[in-house]
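Notes follow once the structure below has been shown.
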Amino acid sequence: MRNDRTGTLSGAKINSLARLKRILQRLRRNGKRIVFTNGCFDILHYGHVKYLQDARSKGDYLVVAVNSDASIKMIKAKNRPVIPQGDRLRTVAALGSVDFVVLFNEDNPLRLIKALKPDILIKGADWSKKKIIGADFVAGYGGKVLTVNLVKGRSTSAIIEKIVRDFSKQ
């Protein structure tokens, strides 16, 4: 069955980098603006959902790069992620605001940004534009680098801390 959003026969949102690159090239030829963001998305919460909705509103298609389990262990902690990468990929892909999902193993998404060349690169407003990985690259070819506001008090780390605090006493 044809999926009107992706134009693919399978309609699959989770893609390899090579396949996603071909899909995005076709969409760009049709004048569509591609938005890119990335994150761990471990223990998906309302802050994530709102962030992705806001990111999607900036263009025609939203690509979300999800850190692999190995990548999260490098940048967060050895006991993270809580949710394995396959589940995180499928959960992010299930969101209506997300058009495509791709996994990455590095500690940052620069390789993906260079390969996909998004029209708009987005991070949360907790990042200064100067520190957003790939910002110089995207701006260099005329792309936009934007930030979106985060929902205060919503973070995976805060959720984990609350669970440990409230449930470790039982």
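Please note that chains go A, B, ... in the order of the structure tokens, that every chain numbers its residues from 1, and that ligands are numbered from 1 in the order shown.
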Need the shell around Arg19 in chain A: protein/DNA/RNA residues with any atom at most 12 Å away, counting only C-alpha atoms. Skip same-chain ones fewer than 3 positions apart. Format as a list of chain:residue names?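 The neighbour list is A:Thr6, A:Thr8, A:Ala12, A:Lys13, A:Ile14, A:Asn15, A:Ser16, A:Arg22, A:Ile23, A:Leu24, A:Gln25, A:Arg26, A:Phe100, A:Val101, A:Val102, A:Ala115, A:Leu116.
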N, CA and C atoms of the current selection, written as a PDB file, in the first residue's frame:
ATOM      1  N   THR A   6       5.545   9.311   2.810  1.00  0.00           N
ATOM      2  CA  THR A   6       6.909   8.966   2.411  1.00  0.00           C
ATOM      3  C   THR A   6       7.024   8.646   0.935  1.00  0.00           C
ATOM      4  N   THR A   8       6.787   5.836  -0.324  1.00  0.00           N
ATOM      5  CA  THR A   8       7.363   4.511  -0.500  1.00  0.00           C
ATOM      6  C   THR A   8       6.261   3.479  -0.488  1.00  0.00           C
ATOM      7  N   ALA A  12       7.730   2.484   5.349  1.00  0.00           N
ATOM      8  CA  ALA A  12       8.592   2.323   6.527  1.00  0.00           C
ATOM      9  C   ALA A  12       9.234   3.641   6.917  1.00  0.00           C
ATOM     10  N   LYS A  13       9.145   3.953   8.179  1.00  0.00           N
ATOM     11  CA  LYS A  13       9.786   5.164   8.682  1.00  0.00           C
ATOM     12  C   LYS A  13      11.229   4.903   9.079  1.00  0.00           C
ATOM     13  N   ILE A  14      11.549   3.709   9.535  1.00  0.00           N
ATOM     14  CA  ILE A  14      12.903   3.382   9.971  1.00  0.00           C
ATOM     15  C   ILE A  14      13.707   2.965   8.747  1.00  0.00           C
ATOM     16  N   ASN A  15      14.804   3.674   8.505  1.00  0.00           N
ATOM     17  CA  ASN A  15      15.578   3.456   7.283  1.00  0.00           C
ATOM     18  C   ASN A  15      17.069   3.399   7.548  1.00  0.00           C
ATOM     19  N   SER A  16      17.779   2.759   6.632  1.00  0.00           N
ATOM     20  CA  SER A  16      19.236   2.838   6.634  1.00  0.00           C
ATOM     21  C   SER A  16      19.610   4.214   6.100  1.00  0.00           C
ATOM     22  N   ARG A  22      18.443   8.444  -0.484  1.00  0.00           N
ATOM     23  CA  ARG A  22      17.714   8.392  -1.775  1.00  0.00           C
ATOM     24  C   ARG A  22      16.312   8.977  -1.646  1.00  0.00           C
ATOM     25  N   ILE A  23      15.623   8.646  -0.563  1.00  0.00           N
ATOM     26  CA  ILE A  23      14.265   9.165  -0.346  1.00  0.00           C
ATOM     27  C   ILE A  23      14.289  10.692  -0.247  1.00  0.00           C
ATOM     28  N   LEU A  24      15.215  11.220   0.523  1.00  0.00           N
ATOM     29  CA  LEU A  24      15.281  12.672   0.722  1.00  0.00           C
ATOM     30  C   LEU A  24      15.651  13.405  -0.557  1.00  0.00           C
ATOM     31  N   GLN A  25      16.502  12.810  -1.377  1.00  0.00           N
ATOM     32  CA  GLN A  25      16.844  13.430  -2.660  1.00  0.00           C
ATOM     33  C   GLN A  25      15.600  13.569  -3.528  1.00  0.00           C
ATOM     34  N   ARG A  26      14.763  12.548  -3.533  1.00  0.00           N
ATOM     35  CA  ARG A  26      13.519  12.591  -4.314  1.00  0.00           C
ATOM     36  C   ARG A  26      12.569  13.658  -3.757  1.00  0.00           C
ATOM     37  N   PHE A 100      10.764  10.065   9.303  1.00  0.00           N
ATOM     38  CA  PHE A 100      11.823   9.093   9.084  1.00  0.00           C
ATOM     39  C   PHE A 100      12.692   8.992  10.323  1.00  0.00           C
ATOM     40  N   VAL A 101      13.194   7.786  10.581  1.00  0.00           N
ATOM     41  CA  VAL A 101      14.079   7.532  11.709  1.00  0.00           C
ATOM     42  C   VAL A 101      15.287   6.767  11.202  1.00  0.00           C
ATOM     43  N   VAL A 102      16.449   7.151  11.699  1.00  0.00           N
ATOM     44  CA  VAL A 102      17.695   6.476  11.339  1.00  0.00           C
ATOM     45  C   VAL A 102      18.539   6.335  12.601  1.00  0.00           C
ATOM     46  N   ALA A 115      25.848  13.636   5.304  1.00  0.00           N
ATOM     47  CA  ALA A 115      25.303  12.743   4.279  1.00  0.00           C
ATOM     48  C   ALA A 115      23.913  13.173   3.818  1.00  0.00           C
ATOM     49  N   LEU A 116      23.082  13.640   4.740  1.00  0.00           N
ATOM     50  CA  LEU A 116      21.682  13.948   4.422  1.00  0.00           C
ATOM     51  C   LEU A 116      21.451  15.402   4.019  1.00  0.00           C
TER      52      LEU A 116
END
Need the shell around range 133-139 of chain A: protein/DNA/RNA residues with any atom at most 9 Å away, counting only C-alpha atoms. Skip same-chain ones fewer than 3 positions apart. Format as a tab-separated table (two decimals) with all heavy atoms, in the first residue's frame?
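And here's around_25.tsv as it stands now:
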chain	number	residue	atom	x	y	z
A	108	ASN	N	28.16	11.71	18.05
A	108	ASN	CA	27.44	12.87	17.54
A	108	ASN	C	26.96	12.57	16.11
A	108	ASN	O	27.47	11.65	15.46
A	108	ASN	CB	28.28	14.14	17.61
A	108	ASN	CG	29.42	14.15	16.62
A	108	ASN	OD1	29.21	14.11	15.41
A	108	ASN	ND2	30.65	14.18	17.12
A	109	PRO	N	25.99	13.34	15.61
A	109	PRO	CA	25.36	13.03	14.32
A	109	PRO	C	26.02	13.70	13.10
A	109	PRO	O	25.41	13.73	12.03
A	109	PRO	CB	23.95	13.56	14.51
A	109	PRO	CG	24.16	14.77	15.36
A	109	PRO	CD	25.26	14.38	16.33
A	110	LEU	N	27.23	14.21	13.22
A	110	LEU	CA	27.82	14.97	12.13
A	110	LEU	C	27.90	14.19	10.82
A	110	LEU	O	27.59	14.73	9.75
A	110	LEU	CB	29.21	15.49	12.52
A	110	LEU	CG	29.88	16.42	11.50
A	110	LEU	CD1	29.01	17.66	11.23
A	110	LEU	CD2	31.26	16.84	11.99
A	111	ARG	N	28.26	12.92	10.88
A	111	ARG	CA	28.33	12.11	9.66
A	111	ARG	C	26.97	12.05	8.96
A	111	ARG	O	26.89	12.21	7.73
A	111	ARG	CB	28.82	10.69	10.00
A	111	ARG	CG	28.91	9.76	8.78
A	111	ARG	CD	29.38	8.38	9.20
A	111	ARG	NE	28.44	7.70	10.07
A	111	ARG	CZ	27.46	6.91	9.63
A	111	ARG	NH1	27.28	6.71	8.34
A	111	ARG	NH2	26.64	6.33	10.49
A	113	ILE	N	24.47	14.25	9.28
A	113	ILE	CA	24.13	15.59	8.79
A	113	ILE	C	24.83	15.86	7.47
A	113	ILE	O	24.22	16.36	6.52
A	113	ILE	CB	24.50	16.66	9.85
A	113	ILE	CG1	23.59	16.50	11.09
A	113	ILE	CG2	24.40	18.07	9.28
A	113	ILE	CD1	24.06	17.25	12.32
A	114	LYS	N	26.10	15.48	7.37
A	114	LYS	CA	26.84	15.69	6.12
A	114	LYS	C	26.29	14.83	4.99
A	114	LYS	O	26.24	15.25	3.85
A	114	LYS	CB	28.33	15.41	6.34
A	114	LYS	CG	29.01	16.51	7.12
A	114	LYS	CD	30.50	16.26	7.26
A	114	LYS	CE	31.17	17.47	7.88
A	114	LYS	NZ	32.63	17.28	7.99
A	117	LYS	N	22.34	16.29	4.42
A	117	LYS	CA	22.24	17.71	4.07
A	117	LYS	C	20.83	18.27	4.29
A	117	LYS	O	20.16	18.72	3.36
A	117	LYS	CB	22.69	17.94	2.64
A	117	LYS	CG	24.14	17.62	2.40
A	117	LYS	CD	24.55	17.95	0.98
A	117	LYS	CE	26.03	17.72	0.81
A	117	LYS	NZ	26.37	16.41	0.30
A	118	PRO	N	20.39	18.29	5.55
A	118	PRO	CA	19.04	18.82	5.81
A	118	PRO	C	18.94	20.30	5.49
A	118	PRO	O	19.92	21.04	5.55
A	118	PRO	CB	18.86	18.57	7.31
A	118	PRO	CG	20.25	18.55	7.85
A	118	PRO	CD	21.10	17.94	6.78
A	119	ASP	N	17.73	20.72	5.15
A	119	ASP	CA	17.46	22.14	4.92
A	119	ASP	C	17.44	22.89	6.23
A	119	ASP	O	17.80	24.07	6.29
A	119	ASP	CB	16.13	22.31	4.19
A	119	ASP	CG	16.12	21.56	2.87
A	119	ASP	OD1	16.91	21.93	1.99
A	119	ASP	OD2	15.35	20.59	2.74
A	120	ILE	N	16.99	22.19	7.29
A	120	ILE	CA	16.86	22.81	8.61
A	120	ILE	C	17.39	21.82	9.66
A	120	ILE	O	16.96	20.67	9.70
A	120	ILE	CB	15.39	23.15	8.91
A	120	ILE	CG1	14.85	24.09	7.83
A	120	ILE	CG2	15.24	23.77	10.30
A	120	ILE	CD1	13.35	24.15	7.76
A	121	LEU	N	18.30	22.30	10.47
A	121	LEU	CA	18.87	21.52	11.57
A	121	LEU	C	18.29	22.09	12.86
A	121	LEU	O	18.34	23.30	13.08
A	121	LEU	CB	20.39	21.64	11.56
A	121	LEU	CG	21.15	20.99	12.72
A	121	LEU	CD1	20.92	19.48	12.76
A	121	LEU	CD2	22.65	21.30	12.59
A	129	LYS	N	23.44	28.04	19.49
A	129	LYS	CA	23.62	27.74	18.07
A	129	LYS	C	25.08	27.48	17.72
A	129	LYS	O	25.38	26.69	16.84
A	129	LYS	CB	23.03	28.85	17.20
A	129	LYS	CG	21.52	28.82	17.17
A	129	LYS	CD	20.97	29.78	16.14
A	129	LYS	CE	19.45	29.76	16.16
A	129	LYS	NZ	18.88	30.65	15.18
A	130	LYS	N	25.99	28.12	18.44
A	130	LYS	CA	27.42	27.93	18.18
A	130	LYS	C	27.88	26.52	18.55
A	130	LYS	O	28.89	26.04	18.03
A	130	LYS	CB	28.24	28.95	18.96
A	130	LYS	CG	28.07	30.37	18.47
A	130	LYS	CD	28.88	31.33	19.31
A	130	LYS	CE	28.64	32.75	18.82
A	130	LYS	NZ	29.35	33.74	19.62
A	142	GLY	N	23.64	27.20	3.01
A	142	GLY	CA	22.41	27.97	3.00
A	142	GLY	C	21.28	27.40	3.81
A	142	GLY	O	20.16	27.94	3.79
A	143	GLY	N	21.53	26.31	4.54
A	143	GLY	CA	20.50	25.75	5.40
A	143	GLY	C	20.31	26.58	6.65
A	143	GLY	O	21.11	27.46	6.96
A	144	LYS	N	19.23	26.30	7.36
A	144	LYS	CA	18.94	27.04	8.60
A	144	LYS	C	19.26	26.18	9.81
A	144	LYS	O	19.08	24.95	9.78
A	144	LYS	CB	17.45	27.41	8.65
A	144	LYS	CG	17.03	28.42	7.62
A	144	LYS	CD	15.55	28.73	7.79
A	144	LYS	CE	15.09	29.70	6.70
A	144	LYS	NZ	13.65	29.95	6.80
A	145	VAL	N	19.69	26.83	10.87
A	145	VAL	CA	19.92	26.18	12.16
A	145	VAL	C	19.00	26.85	13.16
A	145	VAL	O	19.08	28.06	13.36
A	145	VAL	CB	21.40	26.29	12.59
A	145	VAL	CG1	21.60	25.62	13.94
A	145	VAL	CG2	22.32	25.68	11.53
Taking only C-alpha atoms into account, which of A:Leu44, A:Ala125, A:Ile75, A:Leu27 comes nearest Ala94 in chain A? A:Leu44
List as a CSV table (one decimal) with N, CA, C and O atoms, in the first residue's frame the protein and nucleic acid residues near Tyr51 in chain A, meaning an atom at most 7 Å away when only C-alpha atoms are counted, but skip any in the same chain fewer than 3 places from it.
chain,number,residue,atom,x,y,z
A,47,GLY,N,8.0,15.9,27.0
A,47,GLY,CA,9.0,16.8,26.5
A,47,GLY,C,9.5,16.4,25.1
A,47,GLY,O,9.7,17.3,24.3
A,48,HIS,N,9.8,15.1,24.9
A,48,HIS,CA,10.2,14.6,23.6
A,48,HIS,C,9.2,14.8,22.6
A,48,HIS,O,9.5,15.3,21.5
A,54,ASP,N,7.3,20.4,17.5
A,54,ASP,CA,7.8,21.7,17.2
A,54,ASP,C,8.8,21.7,16.0
A,54,ASP,O,8.8,22.5,15.1
A,55,ALA,N,9.7,20.7,16.1
A,55,ALA,CA,10.7,20.5,15.0
A,55,ALA,C,10.0,20.3,13.7
A,55,ALA,O,10.4,20.9,12.7
A,148,VAL,N,14.4,25.0,19.3
A,148,VAL,CA,13.0,25.0,19.8
A,148,VAL,C,13.0,24.9,21.3
A,148,VAL,O,13.8,24.3,21.9
A,150,LEU,N,12.1,23.9,25.0
A,150,LEU,CA,11.9,22.6,25.7
A,150,LEU,C,10.8,22.8,26.7
A,150,LEU,O,10.6,23.9,27.2
Residue among A:Glu106, A:Asp42, A:Asp166, A:Glu161 lying closest to Arg90 in chain A, counting only C-alpha atoms: A:Asp42
Test item, strand (DSSP E) assignment across range 51-133 of chain A, answer as an MDAnalysis selection string: chainID A and resid 61:67 100:104 120:124
Go ahead and write the residues just picked, N, CA and C atoms, as a CSV table (one decimal), in the first residue's frame.
chain,number,residue,atom,x,y,z
A,61,TYR,N,9.2,17.6,6.1
A,61,TYR,CA,9.5,16.2,6.6
A,61,TYR,C,10.5,16.3,7.7
A,62,LEU,N,10.3,15.5,8.7
A,62,LEU,CA,11.2,15.4,9.9
A,62,LEU,C,11.9,14.1,9.9
A,63,VAL,N,13.2,14.2,9.9
A,63,VAL,CA,14.1,13.1,10.1
A,63,VAL,C,14.7,13.1,11.5
A,64,VAL,N,14.6,12.0,12.2
A,64,VAL,CA,15.1,11.9,13.6
A,64,VAL,C,16.2,10.8,13.6
A,65,ALA,N,17.4,11.3,14.0
A,65,ALA,CA,18.5,10.3,14.2
A,65,ALA,C,18.5,9.9,15.6
A,66,VAL,N,18.5,8.6,15.9
A,66,VAL,CA,18.4,8.1,17.2
A,66,VAL,C,19.8,7.5,17.6
A,67,ASN,N,20.3,7.9,18.7
A,67,ASN,CA,21.6,7.3,19.2
A,67,ASN,C,21.4,5.8,19.5
A,100,PHE,N,10.8,10.1,9.3
A,100,PHE,CA,11.8,9.1,9.1
A,100,PHE,C,12.7,9.0,10.3
A,101,VAL,N,13.2,7.8,10.6
A,101,VAL,CA,14.1,7.5,11.7
A,101,VAL,C,15.3,6.8,11.2
A,102,VAL,N,16.4,7.2,11.7
A,102,VAL,CA,17.7,6.5,11.3
A,102,VAL,C,18.5,6.3,12.6
A,103,LEU,N,19.2,5.2,12.8
A,103,LEU,CA,20.1,4.9,13.9
A,103,LEU,C,21.5,5.4,13.6
A,104,PHE,N,22.2,5.9,14.6
A,104,PHE,CA,23.6,6.2,14.4
A,104,PHE,C,24.4,5.8,15.7
A,120,ILE,N,17.0,22.2,7.3
A,120,ILE,CA,16.9,22.8,8.6
A,120,ILE,C,17.4,21.8,9.7
A,121,LEU,N,18.3,22.3,10.5
A,121,LEU,CA,18.9,21.5,11.6
A,121,LEU,C,18.3,22.1,12.9
A,122,ILE,N,17.8,21.2,13.7
A,122,ILE,CA,17.1,21.7,14.9
A,122,ILE,C,17.6,21.0,16.1
A,123,LYS,N,17.8,21.7,17.2
A,123,LYS,CA,18.1,21.2,18.5
A,123,LYS,C,17.3,22.0,19.5
A,124,GLY,N,17.3,21.5,20.8
A,124,GLY,CA,16.6,22.2,21.8
A,124,GLY,C,17.2,23.5,22.2
Please determine, counting only C-alpha atoms, which residue among A:Lys50, A:Lys169, A:Lys131, A:His45 has the shortest atom-to-atom distance to Leu146 in chain A. A:Lys131
Which residue gives the smallest distance to Met74 in chain A among A:Thr37, A:Asn105, A:Asp60, A:Ile160, with only C-alpha atoms counted? A:Asn105
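Distance-wise, CA of Ile83 in chain A and CA of Asp107 in chain A end up 17.7 Å apart.
Of note, CA of Asp99 in chain A and CA of Lys152 in chain A are spaced 25.5 Å apart.
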Name the residues of range 90-135 of chain A that come out as alpha helix (DSSP H) in a backbone DSSP run; write them as a list of chain:residue names.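 Selection result, alpha helix (DSSP H) within range 90-135 of chain A: A:Arg90, A:Thr91, A:Val92, A:Ala93, A:Leu110, A:Arg111, A:Leu112, A:Ile113, A:Lys114, A:Ala115, A:Leu116, A:Ala135.
Omitting Cys40 in chain A and its sequence neighbours fewer than 4 positions away, and counting only C-alpha atoms, the residues within 9 Å are A:Ala65, A:Val66, A:Asn67, A:Ser68, A:Asp69, A:Ser71, A:Ile72, A:Pro81, A:Gln85, A:Arg88.
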